[in-house]
Protein chains: 2
Amino acid sequence: MLCSKMERLIVKKKALLLEPGKMCKGNYFVLNGCVRQYIITNKLTEQITQFGLESWWIADQESLVNQKPSNYYIQALEDCELLLLSEANRVILFGQVPKMESYFRIMMQKAFVAVQRRVGFMLNMNDEERYRYFVSLYPGFVQRVPQYMLASFLGFTPQFMSRIRAKKV
Amino acid sequence: MLCSKMERLIVKKKALLLEPGKMCKGNYFVLNGCVRQYIITNKLTEQITQFGLESWWIADQESLVNQKPSNYYIQALEDCELLLLSEANRVILFGQVPKMESYFRIMMQKAFVAVQRRVGFMLNMNDEERYRYFVSLYPGFVQRVPQYMLASFLGFTPQFMSRIRAKKV
């Protein structure tokens with residue numbers, strides 16, 4: 001039943017799943033590959049807000065919950081295989097399988113906890129502590145993603161990232 | 001049915017609803033008053049992670065979702081009237097009224113969006129921009145909460161807060 005409600009997508013590296021001004025189509029589940037969500041700031045730089053790896057969900061929840069056009073990009077960083085649960089199908093699915101609504105409630109609760117912890121790290125760790133902590137949590141991820149993107153996500157400059165990596169952290 | 005599942009609490013200013021090492025009892029709904037959620041950092045300072053005003057929910061979602069003791073304090077900043085939906089009663093309620101599960105899913109989705117936007121502001125606005133933006137969103141709130149707490153929430157020093165207020169922002 002779940003499979004019948006989800007659309008399988010094969011996208012090439014650099015393909016955009018979402019652009020500013022467009023509605024987010026639904027929740028994407030990453031089967032293979034890696035995606036990023038980012039915004040272009042007032043200073044015209046890319047600010048990465050989220051990554052999505054295998055078995056992670058990614059979406060612009062603000063566009064979905066408020067049914068308004070997005071401010072974000074979602075882009076494939078590698079060739080990707082994804083499942084899209086559209087908003088229309090999500091509503092049908094929740095009606096048919098109430099457990100799926102519980103699943104999404106808990107998924108959102110965990111996503112909230114993760115981003116709230118991120119706020120704590122931003123306020124209470126310096127750049128080096130934040131980098132070390134992230135590497136300890138996601139060692140494989142650090143090898144997989146371009147360094148300037150990791151710097152953008154963690155909120156420091158590519159120059160700082162080069163320095164800290166030169167120390168063989 | 002909802003009322004029968006929620007416990008009405010009257011607490012005095014400065015009372016603690018949650019302390020580190022204790023399990024969060026459930027979700028608190030603020031009827032009257034104002035509460036704050038905070039953590040004691042490695043540097044032994046108070047870091048405020050969230051405020052709760054009238055009609056806002058507040059809880060340590062990490063303690064609730066992982067069923068583990070909290071790292072946070074939740075404290076009344078004024079004499080407060082609250083409703084507590086315990087975890088046991090929440091489970092019963094969701095079984096009886098599936099719409100309540102939708103309500104909590106959407107509540108968590110909105111909370112996620114709010115904290116994700118906060119990350120964006122922290123990365124892309126300087127202290128003064130962040131203060132002005134917060135004041136424009138919640139003008140009444142800024143009058144109601146001690147200035148050093150607002151500084152803690154926004155991530156800058158009380159000294160900076162004094163300087164910016166001296167400019168009659």
# chains A, B, ... in the order shown; residues from 1 in each chain; ligands from 1
call {"tool": "interface_residues", "arguments": {"of": "chain A", "to": "chain B", "cutoff": "7 Å", "atoms": "only C-alpha atoms", "output": "count of residues only"}}
result
18
call {"tool": "select_by_dssp", "arguments": {"residues": "stretch 38-127 of chain B", "states": "strand (DSSP E)", "output": "MDAnalysis selection string"}}
result
chainID B and resid 38:40 46:52 57:58 73:76 80:86
call {"tool": "atom_distance", "arguments": {"atom1": "atom CA of A:Cys34", "atom2": "atom CA of A:Leu150"}}
result
13.1 Å
call {"tool": "residues_around", "arguments": {"residues": "B:Leu17", "least_positions_apart": "3", "cutoff": "12 Å", "atoms": "only C-alpha atoms", "output": "PyMOL selection string"}}
result
chain B and resi 9-14+20+22-28+35-38+58-60+70+72-77+80-84
call {"tool": "write_last_selection", "arguments": {"atoms": "N, CA, C and O atoms", "output": "short mmCIF file (atom, residue, chain, number, x, y, z; two decimals), in the first residue's frame"}}
result
data_model
loop_
_atom_site.label_atom_id
_atom_site.label_comp_id
_atom_site.auth_asym_id
_atom_site.auth_seq_id
_atom_site.Cartn_x
_atom_site.Cartn_y
_atom_site.Cartn_z
N LEU B 9 -2.59 22.72 36.20
CA LEU B 9 -1.55 23.02 37.18
C LEU B 9 -1.50 24.53 37.42
O LEU B 9 -1.53 25.31 36.47
N ILE B 10 -1.41 24.90 38.69
CA ILE B 10 -1.17 26.29 39.06
C ILE B 10 0.21 26.33 39.70
O ILE B 10 0.43 25.64 40.70
N VAL B 11 1.14 27.07 39.11
CA VAL B 11 2.48 27.11 39.68
C VAL B 11 2.91 28.56 39.89
O VAL B 11 2.48 29.47 39.19
N LYS B 12 3.77 28.71 40.92
CA LYS B 12 4.27 30.04 41.28
C LYS B 12 5.46 30.40 40.38
O LYS B 12 6.16 29.52 39.89
N LYS B 13 5.68 31.68 40.25
CA LYS B 13 6.88 32.18 39.57
C LYS B 13 8.12 31.49 40.12
O LYS B 13 8.22 31.29 41.34
N LYS B 14 9.01 31.10 39.24
CA LYS B 14 10.28 30.42 39.55
C LYS B 14 10.15 28.92 39.80
O LYS B 14 11.16 28.23 39.96
N PRO B 20 17.12 18.68 35.05
CA PRO B 20 18.01 17.66 34.49
C PRO B 20 18.00 16.39 35.33
O PRO B 20 17.97 16.46 36.57
N LYS B 22 15.58 14.27 35.43
CA LYS B 22 14.19 13.82 35.57
C LYS B 22 13.59 13.55 34.18
O LYS B 22 14.01 14.14 33.19
N MET B 23 12.58 12.68 34.14
CA MET B 23 11.84 12.45 32.90
C MET B 23 10.88 13.62 32.69
O MET B 23 10.22 14.06 33.64
N CYS B 24 10.78 14.09 31.47
CA CYS B 24 9.74 15.08 31.16
C CYS B 24 8.39 14.36 31.24
O CYS B 24 8.22 13.27 30.69
N LYS B 25 7.43 14.98 31.98
CA LYS B 25 6.17 14.28 32.26
C LYS B 25 5.21 14.24 31.07
O LYS B 25 4.30 13.42 31.04
N GLY B 26 5.39 15.19 30.17
CA GLY B 26 4.48 15.25 29.03
C GLY B 26 4.55 16.61 28.39
O GLY B 26 5.51 17.36 28.60
N ASN B 27 3.54 16.95 27.61
CA ASN B 27 3.47 18.25 26.94
C ASN B 27 2.66 19.22 27.80
O ASN B 27 1.54 18.90 28.21
N TYR B 28 3.22 20.41 28.03
CA TYR B 28 2.56 21.45 28.80
C TYR B 28 1.96 22.49 27.86
O TYR B 28 2.65 22.98 26.95
N VAL B 35 6.73 30.67 30.51
CA VAL B 35 7.75 29.74 30.99
C VAL B 35 8.96 29.80 30.06
O VAL B 35 8.88 30.32 28.95
N ARG B 36 10.07 29.27 30.55
CA ARG B 36 11.26 29.17 29.69
C ARG B 36 11.85 27.78 29.83
O ARG B 36 11.73 27.14 30.88
N GLN B 37 12.49 27.32 28.76
CA GLN B 37 13.24 26.07 28.77
C GLN B 37 14.70 26.46 28.64
O GLN B 37 15.06 27.27 27.78
N TYR B 38 15.58 25.92 29.50
CA TYR B 38 16.99 26.27 29.39
C TYR B 38 17.87 25.11 29.82
O TYR B 38 17.41 24.12 30.38
N ILE B 58 4.89 23.49 25.44
CA ILE B 58 6.32 23.37 25.73
C ILE B 58 6.59 22.02 26.39
O ILE B 58 5.76 21.51 27.16
N ALA B 59 7.73 21.43 26.03
CA ALA B 59 8.13 20.12 26.56
C ALA B 59 9.55 19.86 26.13
O ALA B 59 10.04 20.50 25.21
N ASP B 60 10.22 18.93 26.80
CA ASP B 60 11.49 18.44 26.27
C ASP B 60 11.17 17.26 25.37
O ASP B 60 11.01 16.13 25.84
N SER B 70 15.90 14.08 31.14
CA SER B 70 16.12 15.33 30.43
C SER B 70 17.47 15.95 30.77
O SER B 70 18.07 15.64 31.81
N TYR B 72 17.35 19.36 30.44
CA TYR B 72 16.83 20.72 30.48
C TYR B 72 16.13 21.05 31.80
O TYR B 72 15.67 20.17 32.52
N TYR B 73 16.03 22.36 32.03
CA TYR B 73 15.09 22.92 33.00
C TYR B 73 13.91 23.51 32.23
O TYR B 73 14.10 24.10 31.17
N ILE B 74 12.70 23.38 32.78
CA ILE B 74 11.58 24.22 32.35
C ILE B 74 11.09 24.93 33.60
O ILE B 74 10.81 24.30 34.62
N GLN B 75 11.03 26.26 33.54
CA GLN B 75 10.75 27.07 34.72
C GLN B 75 9.69 28.13 34.42
O GLN B 75 9.69 28.73 33.33
N ALA B 76 8.82 28.36 35.39
CA ALA B 76 7.82 29.43 35.28
C ALA B 76 8.50 30.78 35.49
O ALA B 76 9.22 30.95 36.47
N LEU B 77 8.29 31.70 34.55
CA LEU B 77 8.85 33.05 34.69
C LEU B 77 7.87 33.99 35.37
O LEU B 77 8.23 35.08 35.79
N CYS B 80 1.85 30.89 36.86
CA CYS B 80 1.34 30.28 35.62
C CYS B 80 0.16 29.34 35.88
O CYS B 80 0.09 28.69 36.93
N GLU B 81 -0.70 29.26 34.89
CA GLU B 81 -1.74 28.24 34.83
C GLU B 81 -1.47 27.41 33.57
O GLU B 81 -1.38 27.96 32.47
N LEU B 82 -1.32 26.10 33.77
CA LEU B 82 -0.91 25.23 32.67
C LEU B 82 -1.80 24.01 32.59
O LEU B 82 -2.46 23.64 33.58
N LEU B 83 -1.83 23.37 31.44
CA LEU B 83 -2.42 22.05 31.30
C LEU B 83 -1.31 21.07 30.95
O LEU B 83 -0.49 21.35 30.07
N LEU B 84 -1.29 19.93 31.65
CA LEU B 84 -0.30 18.90 31.36
C LEU B 84 -0.99 17.70 30.71
O LEU B 84 -1.91 17.12 31.28
#
call {"tool": "select_by_dssp", "arguments": {"residues": "stretch 70-118 of chain A", "states": "helix (DSSP H, G or I)", "output": "PDB file with C-alpha atoms, in the first residue's frame"}}
result
ATOM      1  CA  GLU A  87       1.012  15.676  -0.211  1.00  0.00           C
ATOM      2  CA  ALA A  88      -2.135  14.331  -1.883  1.00  0.00           C
ATOM      3  CA  ASN A  89      -1.005  10.732  -1.407  1.00  0.00           C
ATOM      4  CA  ARG A  90       0.123  11.430   2.151  1.00  0.00           C
ATOM      5  CA  VAL A  91      -3.414  12.523   3.052  1.00  0.00           C
ATOM      6  CA  ILE A  92      -4.879   9.374   1.459  1.00  0.00           C
ATOM      7  CA  LEU A  93      -2.282   7.164   3.139  1.00  0.00           C
ATOM      8  CA  PHE A  94      -2.891   8.623   6.598  1.00  0.00           C
ATOM      9  CA  GLY A  95      -6.614   7.959   6.133  1.00  0.00           C
ATOM     10  CA  GLN A  96      -5.958   4.330   5.189  1.00  0.00           C
ATOM     11  CA  PRO A  98      -3.318   5.734  10.856  1.00  0.00           C
ATOM     12  CA  LYS A  99       0.022   4.249  11.983  1.00  0.00           C
ATOM     13  CA  MET A 100       1.664   6.251   9.181  1.00  0.00           C
ATOM     14  CA  GLU A 101       0.463   9.442  10.831  1.00  0.00           C
ATOM     15  CA  SER A 102       2.163   8.300  14.070  1.00  0.00           C
ATOM     16  CA  TYR A 103       5.289   7.540  12.058  1.00  0.00           C
ATOM     17  CA  PHE A 104       5.372  11.055  10.595  1.00  0.00           C
ATOM     18  CA  ARG A 105       4.606  12.654  13.978  1.00  0.00           C
ATOM     19  CA  ILE A 106       7.590  10.841  15.519  1.00  0.00           C
ATOM     20  CA  MET A 107       9.773  11.643  12.493  1.00  0.00           C
ATOM     21  CA  MET A 108       8.942  15.357  12.890  1.00  0.00           C
ATOM     22  CA  GLN A 109       9.535  15.135  16.657  1.00  0.00           C
ATOM     23  CA  LYS A 110      13.008  13.660  16.052  1.00  0.00           C
ATOM     24  CA  ALA A 111      13.766  16.247  13.357  1.00  0.00           C
ATOM     25  CA  PHE A 112      12.770  18.998  15.821  1.00  0.00           C
ATOM     26  CA  VAL A 113      15.056  17.534  18.500  1.00  0.00           C
ATOM     27  CA  ALA A 114      17.956  17.332  16.018  1.00  0.00           C
ATOM     28  CA  VAL A 115      17.643  20.949  14.911  1.00  0.00           C
ATOM     29  CA  GLN A 116      17.156  22.163  18.491  1.00  0.00           C
ATOM     30  CA  ARG A 117      20.394  20.381  19.433  1.00  0.00           C
ATOM     31  CA  ARG A 118      22.037  22.088  16.462  1.00  0.00           C
TER      32      ARG A 118
END
call {"tool": "residues_around", "arguments": {"residues": "A:Phe141", "least_positions_apart": "5", "cutoff": "10 Å", "atoms": "only C-alpha atoms", "output": "VMD selection string"}}
result
chain A and resid 34 51 53 134 to 135 146 150
call {"tool": "write_last_selection", "arguments": {"atoms": "N, CA and C atoms", "output": "mmCIF file, in the first residue's frame"}}
result
data_model
loop_
_atom_site.group_PDB
_atom_site.id
_atom_site.type_symbol
_atom_site.label_atom_id
_atom_site.label_comp_id
_atom_site.auth_asym_id
_atom_site.auth_seq_id
_atom_site.Cartn_x
_atom_site.Cartn_y
_atom_site.Cartn_z
ATOM 1 N N CYS A 34 22.727 11.184 -2.081
ATOM 2 C CA CYS A 34 22.840 12.232 -1.070
ATOM 3 C C CYS A 34 22.296 13.532 -1.654
ATOM 4 N N PHE A 51 21.203 18.141 5.121
ATOM 5 C CA PHE A 51 21.602 17.111 4.160
ATOM 6 C C PHE A 51 20.615 15.948 4.274
ATOM 7 N N LEU A 53 20.763 11.765 3.543
ATOM 8 C CA LEU A 53 21.477 10.547 3.134
ATOM 9 C C LEU A 53 20.493 9.384 3.058
ATOM 10 N N PHE A 134 30.792 17.042 14.978
ATOM 11 C CA PHE A 134 30.093 16.567 13.769
ATOM 12 C C PHE A 134 30.823 15.372 13.159
ATOM 13 N N VAL A 135 32.149 15.453 13.095
ATOM 14 C CA VAL A 135 32.953 14.353 12.542
ATOM 15 C C VAL A 135 32.756 13.087 13.376
ATOM 16 N N PRO A 146 31.521 17.578 -0.336
ATOM 17 C CA PRO A 146 32.568 18.580 -0.544
ATOM 18 C C PRO A 146 32.769 19.432 0.720
ATOM 19 N N LEU A 150 30.241 21.336 3.771
ATOM 20 C CA LEU A 150 30.237 21.039 5.204
ATOM 21 C C LEU A 150 30.475 22.329 5.993
#
call {"tool": "closest_residue", "arguments": {"among": "A:Ser136, A:Thr157, A:Ser86, A:Ser162", "to": "A:Lys5", "atoms": "only C-alpha atoms"}}
result
A:Ser86
call {"tool": "residues_around", "arguments": {"residues": "B:Cys3", "least_positions_apart": "3", "cutoff": "10 Å", "atoms": "only C-alpha atoms", "output": "JSON, numbers by chain"}}
result
{"B": [6, 7, 8, 83, 85]}
call {"tool": "atom_distance", "arguments": {"atom1": "atom CA of B:Glu19", "atom2": "atom CA of B:Tyr138"}}
result
27.4 Å
call {"tool": "atom_distance", "arguments": {"atom1": "atom CA of A:Tyr148", "atom2": "atom CA of A:Tyr133"}}
result
17.4 Å
